[in-house]
Amino acid sequence: MDAPAAGYAFEYLIETLNDSSRKKFFNVPRLGGTKYDVLPYSIRVLLEAAVRNCDGFLMKEQDVMNILDWKTKQRNVEVPFFPARVLLQDFTGIPAMVDFAAMREAVKVLGGDPKKVHPARPTDLTVDHSLQIDFNKCAIQNAPNPGGGEPQKAGKLSPLKAQPKKAPCRGQTACRGSCDSGEPGRSSGKFSSQIENTPILCPFHLQPVPEPETVLKNQEVEFGRNRERLQFFKWSSRVFKNVAVIPPGTGMAHQVNLEYLSRVVFEEKDLLFPDSVVGTDSHITMVNGLGILGWGVGGIETEAVMLGLPVSLTLPEVVGCELTGSSNPFVTSIDVVLGITKHLRQVGVAGKFVEFFGSGVSQLSIVDRTTIANMCPEYGATLSFFPVDNVTLKHLEHTGFDKAKLESMETYLKAVKLFRNDQKNSGEPEYSQVIQINLNSIVPSVSGPKRPQDRVAVADMKRDFQACLNEKVGFKGFQIAAEKQNDTVCIQYEGSEFRLCHGSVVVAAVISCTNNCNPSVMLAAGLLAKKAVDAGLRVNPYIRTSLSPGSGMVTHYLSSSGVLPYLSKLGFEIVGYGCSTCVGNTAPLSEAVLNAIKQGDLVTCGVLSGNRHFEGRLCDCVRANYLASPPLVVAYAIAGTVNIDFQTEPLGTDATGRNIYLQDIWPSREEVHQMEEERVILPMFKTLKEKIEVGNKRWNCLEAPDSTLFPWDSKSTYIRCPSFFDKLTKEPAALQPIENAHVLLYLGDSVTTDHISPAGSIARSSSAAKYLTHRGLTPREFNSYGARRGNDAVMTRGTFANIKLFNKFIGKPAPKTVHFPSGQTLDVFEAAELYQKEGVPLIILAGKKYGSGNSRDWAAKGPYLLGVKAVLAESYEKIHKDHLIGVGIAPLQFLPGENADSLGLSGRETFSLTFPEELSPGVTLNIKTSTGKVFGVIASFENDVEVTLYKHGGLLNFVARKFS
């Protein structure tokens with residue numbers, strides 16, 4: 001289906017970007033004047049898409065005016081939105097591409113040219129989003145670290161992995177082993193799995209090294225298990241225009257979307273317009289941190305967009321979040337992100353757009369912004385939008401964007417007033433609600449001493465620790481007698497004398513896992529270490545220090561930025577790539593320290609940047625344990641105690657005896673952001689780009705057809721031509737009445753899409769299992785419904801197969817129903833199959849909020865293939881109701897105040913319904929039952945587009961006829 005004619009009603013707004021450019025754009029600000037100037041930036045993106053795609057049918061001029069009048073129309077009107085592109089992940093991508101392949105078959109049958117069938121919008125598909133773990137080994141133990149380690153045994157490369165070139169040693173004097181013969185992760189037969197999207201690198205020579213056995217085994221099993229799907233995806237990328245498949249082994253959908261697929265400004269036939277995206281993943285919202293409007297939707301919505309139709313949404317409220325003030329110098333990116341997230345959760349922004357403005361926004365790096373945007377599921381907003389500004393452009397430059405492209409991007413965004421400036425002006429947007437977050441109010445914190453939820457501001461740390469000593473033994477207290485709180489014990493260690501006391505740090509571990517994998521906090525720790533070493537500070541040698549990165553990429557950027565040697569000098573040497581200290585795998589404390597702790601009954605401390613620290617977990621003699629950001633772990637290690645006020649007490653002295661305070665060595669956010677952009681972002685994006693564009697040998701060697709029509713394999717249990725087009729005619733027939741329909745299921749309130757749609761593992765007693773067994777598969781080969789979404793025979797059998805489904809015909813939760821002509825109680829599929837053989841149409845009776853929950857395409861496709869012609873409910877979740885229309889099922893609604901009980905319906909009757917020749921939105925129709933009862937219902941179509949789709953038998957039939 002061709003995209004709508006580009007804004008035919010608003011062609012007068014098209015202008016040339018500048019005198020020397022052939023690039024065109026819609027100068028939308030001319031449309032609205034002052035009305036446009038006060039629109040939130042996110043609404044301006046919606047408006048531009050409406051203007052550009054206005055065709056008088058799918059997008060009407062009134063829709064454009066409604067968006068322009070956002071201030072008065074928010075929450076009250078539905079508007080269409082045409083995203084610039086679509087992002088699919090594997091499980092939701094397979095049925096969409098199968099539908100396109102089947103549509104080619106149907107178009108050919110109707111006499112059309114199947115080569116014309118292509119997605120109307122650029123569509124990217126990631127194929128390893130849903131990686132299944134078959135092999136999971138323990139974390140690396142005793143990996144080599146600077147200063148020691150025995151030579152490793154030679155490791156084997158994957159037979160399909162290109163042999164890496166040997167790189168000469170870069171002269172790290174601490175390395176005592178040969179990289180050419182080393183296999184990181186080898187220890188007592190145990191291996192560690194790699195963190196996603198990171199190359200496996202030698203920590204000391206930064207050259208590619210053999211992949212751990214777990215990675216290879218998982219990849220090999222995945223490739224074998226999903227070969228049919230991968231071959232189909234490869235065929236799709238070859239024959240369909242606008243489809244790009246991201247090869248396996250690259251990364252998950254939202255990460256690849258952010259790091260590779262984002263355009264910020266699209267250019268199509270010399271026409272410039274804002275990048276925007278919808279996709280089948282809830283974390284699509286991450287790209288809003290780059291100024292790209294996007295959010296996650298269901299499979300049918302994305303398929304509709306691929307077919308050239310818009311997404312429908314209620315014109316949203318937009319909450320303006322003004323960031324003011326300056327961050328406390330000791331605040332890290334993690335503190336900022338979690339602080340803003342907590343504030344938004346408390347305010348209540350569910351279902352709304354959030355848009356950031358104010359002077360504080362410029363203090364946030366792109367990593368900060370995308371992390372905040374990615375946290376939308378945590379605080380319930382539809383999206384959190386950061387308009388493009390100078391920080392964005394600088395980031396794009398570091399990711400490899402062409403300079404000329406960046407210049408035209410900036411010119412365009414400023415021309416259409418989509419570029420955010422720090423200075424306030426008359427064009428400041430007006431929001432539905434404004435909330436303020438003063439960055440000064442976000443303070444650096446640690447968690448402890450026993451539970452992660454017990455947050456302590458760093459400024460209050462000394463006072464809080466003293467209180468913990470005084471309190472009774474409990475979640476925070478240690479109950480140390482007042483007269484013993486100042487006790488100290490001398491120890492001899494490596495020829496020097498040290499004093500241990502309550503609060504002394506004996507374990508300090510930097511671990512880059514979970515939230516602390518953010519590059520900025522790891523670089524901050526490295527920069528702090530460098531400044532500390534330069535100032536002559538050191539860490540007491542009895543403290544068990546360690547550095548355990550989450551991946552080789554962390555080692556790579558710590559080394560390339562030049563801070564790794566300084567961490568090592570403070571004792572933070574790389575011990576491997578695993579949880580280590582976080583799971584209690586700390587090396588034993590020295591006898592001197594253990595004896596001192598026991599002698600003085602001391603409350604000593606562990607400080608780590610992990611996510612677990614329960615009492616006794618690090619070591620049974622270390623009673624106080626705190627979670628802290630990586631730079632604070634280094635700071636407390638240098639101080640040697642948590643019983644310190646960093647604002648007034650020095651960490652130590654330099655060679656001249658001058659006191660050195662934390663603020664003297666703490667790196668500024670500007671320093672960290674600059675290093676992050678230059679040392680992390682650029683090489684990371686370069687590596688990812690190469691990975692995607694070069695692919696890997698497994699993918700490159702995978703054979704796939706390139707025929708116009710897909711050669712369906714009748715033996716395949718993964719890919720099957722669906723029956724959506726079996727009865728397709730060149731012109732839609734007149735609407736057929738529903739006569740003597742039986743009720744397949746009689747359901748109550750709040751039936752969710754999880755109750756309807758196939759999901760999870762395939763139960764051995766289910767109809768789907770029987771089908772697969774009949775095809776010669778064993779239960780071990782069943783895989784999951786998600787993996788078999790390209791086989792409609794499996795998915796139809798899994799519809800309404802949820803064991804928690806409560807069907808009033810049965811009286812208890814079970815995926816069963818009654819086949820009334822025979823009186824048998826059967827699986828839902830088996831009953832539906834009998835009805836279809838008898839030529840009996842089906843309906844579903846339901847209560848309130850039918851189809852609530854997550855958007856799931858098979859929650860509509862499945863009932864359609866079971867033979868359901870209509871659903872009669874008290875009310876619907878709107879998205880699911882749209883899906884029913886999209887597959888050709890009539891959504892009928894009881895009149896206000898009526899339901900099956902009030903009308904005396906048992907569900908055992910048959911139902912008959914006739915549609916008028918001119919069906920209109922919201923018309924009341926009459927249903928007649930076999931008992932003689934007649935009652936009115938509402939045909940729940942909201943506009944002419946929905947009526948048109950239903951008349952065609954659904955979205956797929958509508959588009960197939962367009963192609964033929």
# chains A, B, ... in the order shown; residues from 1 in each chain; ligands from 1

call {"tool": "select_by_dssp", "arguments": {"residues": "segment 414-492 of chain A", "states": "alpha helix (DSSP H)", "output": "list in words"}}
result
Lys414, Ala415, Met461, Lys462, Arg463, Asp464, Phe465, Gln466, Ala467, Cys468, Leu469 and Asn470 of chain A

call {"tool": "residues_around", "arguments": {"residues": "Asn53 of chain A", "least_positions_apart": "2", "cutoff": "12 Å", "atoms": "only C-alpha atoms", "output": "VMD selection string"}}
result
chain A and resid 2 to 11 26 46 to 51 55 to 61 63 to 64 80 to 84 273 308 to 310

call {"tool": "closest_residue", "arguments": {"among": "A:Leu418, A:Glu676, A:Tyr661, A:Ala939", "to": "Gly526 of chain A", "atoms": "only C-alpha atoms"}}
result
A:Glu676

call {"tool": "residues_around", "arguments": {"residues": "Ile889 of chain A", "least_positions_apart": "5", "cutoff": "8 Å", "atoms": "only C-alpha atoms", "output": "list in words"}}
result
Tyr864, Val868, Lys869, Ala870, Val871, Leu884, Tyr950, Gly953 and Gly954 of chain A

call {"tool": "write_last_selection", "arguments": {"atoms": "N, CA, C and O atoms", "output": "JSON list (two decimals), in the first residue's frame"}}
result
[["chain", "number", "residue", "atom", "x", "y", "z"],
["A", 864, "TYR", "N", -10.35, -14.91, 15.58],
["A", 864, "TYR", "CA", -10.81, -14.87, 14.19],
["A", 864, "TYR", "C", -10.63, -16.24, 13.53],
["A", 864, "TYR", "O", -11.54, -16.74, 12.85],
["A", 868, "VAL", "N", -14.71, -16.92, 15.30],
["A", 868, "VAL", "CA", -15.49, -15.92, 16.02],
["A", 868, "VAL", "C", -15.82, -14.77, 15.07],
["A", 868, "VAL", "O", -14.93, -14.18, 14.46],
["A", 869, "LYS", "N", -17.13, -14.46, 14.96],
["A", 869, "LYS", "CA", -17.57, -13.39, 14.07],
["A", 869, "LYS", "C", -17.81, -12.07, 14.81],
["A", 869, "LYS", "O", -17.76, -11.00, 14.21],
["A", 870, "ALA", "N", -18.11, -12.18, 16.11],
["A", 870, "ALA", "CA", -18.39, -10.96, 16.88],
["A", 870, "ALA", "C", -18.11, -11.22, 18.35],
["A", 870, "ALA", "O", -18.16, -12.37, 18.82],
["A", 871, "VAL", "N", -17.79, -10.15, 19.07],
["A", 871, "VAL", "CA", -17.69, -10.19, 20.52],
["A", 871, "VAL", "C", -18.75, -9.24, 21.06],
["A", 871, "VAL", "O", -18.91, -8.12, 20.56],
["A", 884, "LEU", "N", -9.73, -6.12, 17.10],
["A", 884, "LEU", "CA", -10.83, -6.95, 16.61],
["A", 884, "LEU", "C", -11.32, -6.46, 15.26],
["A", 884, "LEU", "O", -11.52, -7.25, 14.33],
["A", 950, "TYR", "N", -13.72, -2.91, 8.49],
["A", 950, "TYR", "CA", -14.59, -4.04, 8.81],
["A", 950, "TYR", "C", -15.31, -4.55, 7.56],
["A", 950, "TYR", "O", -15.44, -5.77, 7.37],
["A", 953, "GLY", "N", -13.35, -6.92, 5.71],
["A", 953, "GLY", "CA", -12.97, -8.14, 6.42],
["A", 953, "GLY", "C", -11.68, -7.99, 7.19],
["A", 953, "GLY", "O", -11.03, -9.00, 7.52],
["A", 954, "GLY", "N", -11.31, -6.75, 7.46],
["A", 954, "GLY", "CA", -10.11, -6.50, 8.25],
["A", 954, "GLY", "C", -9.02, -5.79, 7.47],
["A", 954, "GLY", "O", -9.10, -5.59, 6.25]]

call {"tool": "residues_around", "arguments": {"residues": "Leu892 of chain A", "least_positions_apart": "4", "cutoff": "12 Å", "atoms": "only C-alpha atoms", "output": "PyMOL selection string"}}
result
chain A and resi 843-847+850+869-876+881+884-885+899+913+915+921-927+936-942

call {"tool": "atom_distance", "arguments": {"atom1": "atom CA of Ala404 of chain A", "atom2": "atom CA of Arg52 of chain A"}}
result
24.3 Å

call {"tool": "decode", "arguments": {"residues": "segment 458-474 of chain A", "atoms": "all heavy atoms", "output": "PDB file, in the first residue's frame"}}
result
ATOM      1  N   VAL A 458      25.066  10.915  51.716  1.00  0.00           N
ATOM      2  CA  VAL A 458      26.488  10.884  52.052  1.00  0.00           C
ATOM      3  C   VAL A 458      26.821  11.947  53.098  1.00  0.00           C
ATOM      4  O   VAL A 458      27.635  11.724  54.000  1.00  0.00           O
ATOM      5  CB  VAL A 458      27.340  11.075  50.783  1.00  0.00           C
ATOM      6  CG1 VAL A 458      28.820  11.241  51.133  1.00  0.00           C
ATOM      7  CG2 VAL A 458      27.153   9.892  49.838  1.00  0.00           C
ATOM      8  N   ALA A 459      26.157  13.101  53.005  1.00  0.00           N
ATOM      9  CA  ALA A 459      26.407  14.174  53.975  1.00  0.00           C
ATOM     10  C   ALA A 459      26.000  13.767  55.390  1.00  0.00           C
ATOM     11  O   ALA A 459      26.507  14.318  56.372  1.00  0.00           O
ATOM     12  CB  ALA A 459      25.649  15.438  53.548  1.00  0.00           C
ATOM     13  N   ASP A 460      25.072  12.807  55.510  1.00  0.00           N
ATOM     14  CA  ASP A 460      24.607  12.368  56.832  1.00  0.00           C
ATOM     15  C   ASP A 460      25.278  11.070  57.276  1.00  0.00           C
ATOM     16  O   ASP A 460      24.907  10.491  58.296  1.00  0.00           O
ATOM     17  CB  ASP A 460      23.079  12.136  56.794  1.00  0.00           C
ATOM     18  CG  ASP A 460      22.321  13.418  56.510  1.00  0.00           C
ATOM     19  OD1 ASP A 460      22.824  14.496  56.872  1.00  0.00           O
ATOM     20  OD2 ASP A 460      21.223  13.324  55.926  1.00  0.00           O
ATOM     21  N   MET A 461      26.248  10.594  56.509  1.00  0.00           N
ATOM     22  CA  MET A 461      26.788   9.266  56.746  1.00  0.00           C
ATOM     23  C   MET A 461      27.400   9.126  58.145  1.00  0.00           C
ATOM     24  O   MET A 461      27.140   8.147  58.854  1.00  0.00           O
ATOM     25  CB  MET A 461      27.831   8.946  55.676  1.00  0.00           C
ATOM     26  CG  MET A 461      28.343   7.529  55.728  1.00  0.00           C
ATOM     27  SD  MET A 461      27.056   6.325  55.395  1.00  0.00           S
ATOM     28  CE  MET A 461      28.064   4.871  55.208  1.00  0.00           C
ATOM     29  N   LYS A 462      28.198  10.082  58.554  1.00  0.00           N
ATOM     30  CA  LYS A 462      28.860   9.964  59.859  1.00  0.00           C
ATOM     31  C   LYS A 462      27.832   9.930  60.978  1.00  0.00           C
ATOM     32  O   LYS A 462      27.892   9.080  61.878  1.00  0.00           O
ATOM     33  CB  LYS A 462      29.831  11.124  60.065  1.00  0.00           C
ATOM     34  CG  LYS A 462      30.627  11.007  61.368  1.00  0.00           C
ATOM     35  CD  LYS A 462      31.761  12.010  61.421  1.00  0.00           C
ATOM     36  CE  LYS A 462      32.616  11.778  62.661  1.00  0.00           C
ATOM     37  NZ  LYS A 462      33.814  12.653  62.696  1.00  0.00           N
ATOM     38  N   ARG A 463      26.861  10.842  60.900  1.00  0.00           N
ATOM     39  CA  ARG A 463      25.827  10.899  61.933  1.00  0.00           C
ATOM     40  C   ARG A 463      24.990   9.622  61.937  1.00  0.00           C
ATOM     41  O   ARG A 463      24.650   9.082  62.995  1.00  0.00           O
ATOM     42  CB  ARG A 463      24.938  12.122  61.687  1.00  0.00           C
ATOM     43  CG  ARG A 463      23.853  12.339  62.728  1.00  0.00           C
ATOM     44  CD  ARG A 463      23.195  13.705  62.606  1.00  0.00           C
ATOM     45  NE  ARG A 463      22.585  13.917  61.286  1.00  0.00           N
ATOM     46  CZ  ARG A 463      23.100  14.746  60.366  1.00  0.00           C
ATOM     47  NH1 ARG A 463      24.215  15.412  60.610  1.00  0.00           N
ATOM     48  NH2 ARG A 463      22.502  14.910  59.207  1.00  0.00           N
ATOM     49  N   ASP A 464      24.678   9.106  60.761  1.00  0.00           N
ATOM     50  CA  ASP A 464      23.850   7.906  60.671  1.00  0.00           C
ATOM     51  C   ASP A 464      24.599   6.687  61.214  1.00  0.00           C
ATOM     52  O   ASP A 464      24.008   5.842  61.895  1.00  0.00           O
ATOM     53  CB  ASP A 464      23.439   7.667  59.215  1.00  0.00           C
ATOM     54  CG  ASP A 464      22.415   6.557  59.074  1.00  0.00           C
ATOM     55  OD1 ASP A 464      21.227   6.820  59.314  1.00  0.00           O
ATOM     56  OD2 ASP A 464      22.816   5.413  58.751  1.00  0.00           O
ATOM     57  N   PHE A 465      25.900   6.591  60.905  1.00  0.00           N
ATOM     58  CA  PHE A 465      26.661   5.438  61.401  1.00  0.00           C
ATOM     59  C   PHE A 465      26.752   5.475  62.926  1.00  0.00           C
ATOM     60  O   PHE A 465      26.640   4.430  63.579  1.00  0.00           O
ATOM     61  CB  PHE A 465      28.069   5.411  60.786  1.00  0.00           C
ATOM     62  CG  PHE A 465      28.864   4.213  61.201  1.00  0.00           C
ATOM     63  CD1 PHE A 465      28.582   2.961  60.684  1.00  0.00           C
ATOM     64  CD2 PHE A 465      29.882   4.324  62.152  1.00  0.00           C
ATOM     65  CE1 PHE A 465      29.302   1.836  61.086  1.00  0.00           C
ATOM     66  CE2 PHE A 465      30.603   3.212  62.556  1.00  0.00           C
ATOM     67  CZ  PHE A 465      30.312   1.966  62.017  1.00  0.00           C
ATOM     68  N   GLN A 466      26.935   6.662  63.472  1.00  0.00           N
ATOM     69  CA  GLN A 466      26.968   6.780  64.935  1.00  0.00           C
ATOM     70  C   GLN A 466      25.635   6.324  65.534  1.00  0.00           C
ATOM     71  O   GLN A 466      25.597   5.625  66.556  1.00  0.00           O
ATOM     72  CB  GLN A 466      27.252   8.234  65.341  1.00  0.00           C
ATOM     73  CG  GLN A 466      28.654   8.722  65.013  1.00  0.00           C
ATOM     74  CD  GLN A 466      29.701   8.154  65.957  1.00  0.00           C
ATOM     75  OE1 GLN A 466      29.377   7.525  66.953  1.00  0.00           O
ATOM     76  NE2 GLN A 466      30.964   8.360  65.627  1.00  0.00           N
ATOM     77  N   ALA A 467      24.535   6.690  64.859  1.00  0.00           N
ATOM     78  CA  ALA A 467      23.214   6.280  65.336  1.00  0.00           C
ATOM     79  C   ALA A 467      23.062   4.761  65.262  1.00  0.00           C
ATOM     80  O   ALA A 467      22.459   4.141  66.147  1.00  0.00           O
ATOM     81  CB  ALA A 467      22.127   6.969  64.509  1.00  0.00           C
ATOM     82  N   CYS A 468      23.621   4.156  64.223  1.00  0.00           N
ATOM     83  CA  CYS A 468      23.542   2.695  64.080  1.00  0.00           C
ATOM     84  C   CYS A 468      24.302   1.997  65.213  1.00  0.00           C
ATOM     85  O   CYS A 468      23.880   0.936  65.695  1.00  0.00           O
ATOM     86  CB  CYS A 468      24.107   2.259  62.735  1.00  0.00           C
ATOM     87  SG  CYS A 468      23.095   2.729  61.312  1.00  0.00           S
ATOM     88  N   LEU A 469      25.413   2.573  65.624  1.00  0.00           N
ATOM     89  CA  LEU A 469      26.154   1.984  66.745  1.00  0.00           C
ATOM     90  C   LEU A 469      25.327   2.022  68.022  1.00  0.00           C
ATOM     91  O   LEU A 469      25.391   1.098  68.844  1.00  0.00           O
ATOM     92  CB  LEU A 469      27.476   2.732  66.957  1.00  0.00           C
ATOM     93  CG  LEU A 469      28.537   2.603  65.856  1.00  0.00           C
ATOM     94  CD1 LEU A 469      29.774   3.415  66.239  1.00  0.00           C
ATOM     95  CD2 LEU A 469      28.920   1.151  65.597  1.00  0.00           C
ATOM     96  N   ASN A 470      24.539   3.061  68.179  1.00  0.00           N
ATOM     97  CA  ASN A 470      23.760   3.239  69.411  1.00  0.00           C
ATOM     98  C   ASN A 470      22.479   2.407  69.426  1.00  0.00           C
ATOM     99  O   ASN A 470      22.045   1.943  70.483  1.00  0.00           O
ATOM    100  CB  ASN A 470      23.394   4.716  69.610  1.00  0.00           C
ATOM    101  CG  ASN A 470      24.599   5.564  69.991  1.00  0.00           C
ATOM    102  OD1 ASN A 470      25.407   5.148  70.814  1.00  0.00           O
ATOM    103  ND2 ASN A 470      24.730   6.738  69.382  1.00  0.00           N
ATOM    104  N   GLU A 471      21.857   2.211  68.258  1.00  0.00           N
ATOM    105  CA  GLU A 471      20.546   1.565  68.223  1.00  0.00           C
ATOM    106  C   GLU A 471      20.636   0.084  68.594  1.00  0.00           C
ATOM    107  O   GLU A 471      21.677  -0.555  68.439  1.00  0.00           O
ATOM    108  CB  GLU A 471      19.923   1.693  66.822  1.00  0.00           C
ATOM    109  CG  GLU A 471      19.427   3.092  66.501  1.00  0.00           C
ATOM    110  CD  GLU A 471      18.753   3.152  65.137  1.00  0.00           C
ATOM    111  OE1 GLU A 471      18.331   2.081  64.651  1.00  0.00           O
ATOM    112  OE2 GLU A 471      18.655   4.249  64.571  1.00  0.00           O
ATOM    113  N   LYS A 472      19.480  -0.430  69.044  1.00  0.00           N
ATOM    114  CA  LYS A 472      19.389  -1.858  69.344  1.00  0.00           C
ATOM    115  C   LYS A 472      19.616  -2.669  68.081  1.00  0.00           C
ATOM    116  O   LYS A 472      19.364  -2.207  66.969  1.00  0.00           O
ATOM    117  CB  LYS A 472      18.021  -2.188  69.941  1.00  0.00           C
ATOM    118  CG  LYS A 472      17.779  -1.597  71.322  1.00  0.00           C
ATOM    119  CD  LYS A 472      16.410  -1.994  71.851  1.00  0.00           C
ATOM    120  CE  LYS A 472      16.181  -1.429  73.246  1.00  0.00           C
ATOM    121  NZ  LYS A 472      14.837  -1.799  73.775  1.00  0.00           N
ATOM    122  N   VAL A 473      20.067  -3.901  68.290  1.00  0.00           N
ATOM    123  CA  VAL A 473      20.313  -4.770  67.138  1.00  0.00           C
ATOM    124  C   VAL A 473      19.009  -4.946  66.354  1.00  0.00           C
ATOM    125  O   VAL A 473      17.979  -5.316  66.916  1.00  0.00           O
ATOM    126  CB  VAL A 473      20.855  -6.145  67.590  1.00  0.00           C
ATOM    127  CG1 VAL A 473      20.972  -7.087  66.401  1.00  0.00           C
ATOM    128  CG2 VAL A 473      22.194  -5.970  68.283  1.00  0.00           C
ATOM    129  N   GLY A 474      19.077  -4.624  65.073  1.00  0.00           N
ATOM    130  CA  GLY A 474      17.888  -4.702  64.221  1.00  0.00           C
ATOM    131  C   GLY A 474      18.284  -4.419  62.792  1.00  0.00           C
ATOM    132  O   GLY A 474      19.422  -4.693  62.381  1.00  0.00           O
TER     133      GLY A 474
END
